[in-house]
Amino acid sequence: MATQFITKVRVEGAPVPSRHEHIAAVMLRTGIIEARSTVISRIRLGDQYYTAASPPALVYVHACPFCGARDYITTHPDQTATNNLLRLPRF
Ligand SMILES: [Zn+2]
């Protein structure tokens with residue numbers, strides 16, 4: 001099992017039913033870019049992904065709270081909102 005740190009995210013708009021964003025791809029600390037589908041596959045195989053933030057936030061697969069899409073990745077909101085996936089720099 002590997003542990004990866006995500007430094008940047010690419011988002012895509014999801015217009016229905018309310019405008020919101022899905023993570024489309026991530027850039028790892030190594031510079032490698034992985035599609036969301038790859039991240040989901042690897043999480044399901046046991047790899048762990050964290051945001052490269054302080055403190056790091058664990059990334060997990062969860063149905064989108066806005067549209068129910070099942071291939072959605074997110075982080076638990078916590079007291080430090082700046083470590084969430086959607087708060088990382090974009091690329
Ligand atoms: Zn959604």
# chains A, B, ... in the order shown; residues from 1 in each chain; ligands from 1

$ residues_near_ligand --ligand "ligand 1" --cutoff "8 Å" --atoms "only C-alpha atoms and all ligand atoms" --output "NGL selection string"
:A and (14 or 16 or 20-22 or 63-69 or 72)

$ residues_around --residues "A:Asn84" --least-positions-apart "4" --cutoff "10 Å" --atoms "only C-alpha atoms" --output "list in words"
Tyr50, Thr51, Ala52, Ala53, Pro55, Pro56, Ala57, Leu58, Val59, Thr74, Thr75, His76, Pro77, Asp78, Thr80 and Leu88 of chain A

$ select_by_dssp --residues "stretch 28-63 of chain A" --states "helix (DSSP H, G or I)" --output "list in words"
Arg36, Ser37, Thr38, Val39, Ile40, Ser41, Arg42, Ile43 and Arg44 of chain A

$ write_last_selection --atoms "C-alpha atoms" --output "PDB file, in the first residue's frame"
ATOM      1  CA  ARG A  36     -10.096  10.707 -10.406  1.00  0.00           C
ATOM      2  CA  SER A  37     -10.866   7.169 -11.623  1.00  0.00           C
ATOM      3  CA  THR A  38      -7.277   6.153 -10.912  1.00  0.00           C
ATOM      4  CA  VAL A  39      -7.358   7.649  -7.430  1.00  0.00           C
ATOM      5  CA  ILE A  40     -10.613   5.822  -6.667  1.00  0.00           C
ATOM      6  CA  SER A  41      -9.229   2.504  -7.920  1.00  0.00           C
ATOM      7  CA  ARG A  42      -6.116   2.855  -5.799  1.00  0.00           C
ATOM      8  CA  ILE A  43      -8.025   3.874  -2.673  1.00  0.00           C
ATOM      9  CA  ARG A  44     -10.174   0.773  -3.114  1.00  0.00           C
TER      10      ARG A  44
END

$ atom_distance --atom1 "atom CA of A:Gly13" --atom2 "atom CA of A:Arg90"
13.4 Å

$ select_by_dssp --residues "chain A" --states "strand (DSSP E or B)" --output "PyMOL selection string"
chain A and resi 3-14+20-28+33-35+48-51+58-61+73-75+90

$ closest_atom_pairs --of "stretch 13-87 of chain A" --to "stretch 1-4 of chain A" --cutoff "6 Å" --atoms "only C-alpha atoms" --output "JSON lines"
{"residue": "A:Gly46", "atom": "CA", "partner": "A:Met1", "partner_atom": "CA", "distance": 5.8}
{"residue": "A:Asp47", "atom": "CA", "partner": "A:Ala2", "partner_atom": "CA", "distance": 4.9}
{"residue": "A:Gln48", "atom": "CA", "partner": "A:Thr3", "partner_atom": "CA", "distance": 4.7}
{"residue": "A:Tyr49", "atom": "CA", "partner": "A:Gln4", "partner_atom": "CA", "distance": 4.7}

$ closest_residue --among "A:Val11, A:Leu45, A:Ala35, A:Ile6" --to "A:Asn83" --atoms "only C-alpha atoms"
A:Ile6

$ residues_around --residues "A:Gly31" --least-positions-apart "6" --cutoff "12 Å" --atoms "only C-alpha atoms" --output "list in words"
Gln4, Phe5, Ile6, Thr7, Lys8, Val9 and Phe91 of chain A

$ atom_distance --atom1 "atom CA of A:Arg70" --atom2 "atom CA of A:Thr30"
27.3 Å
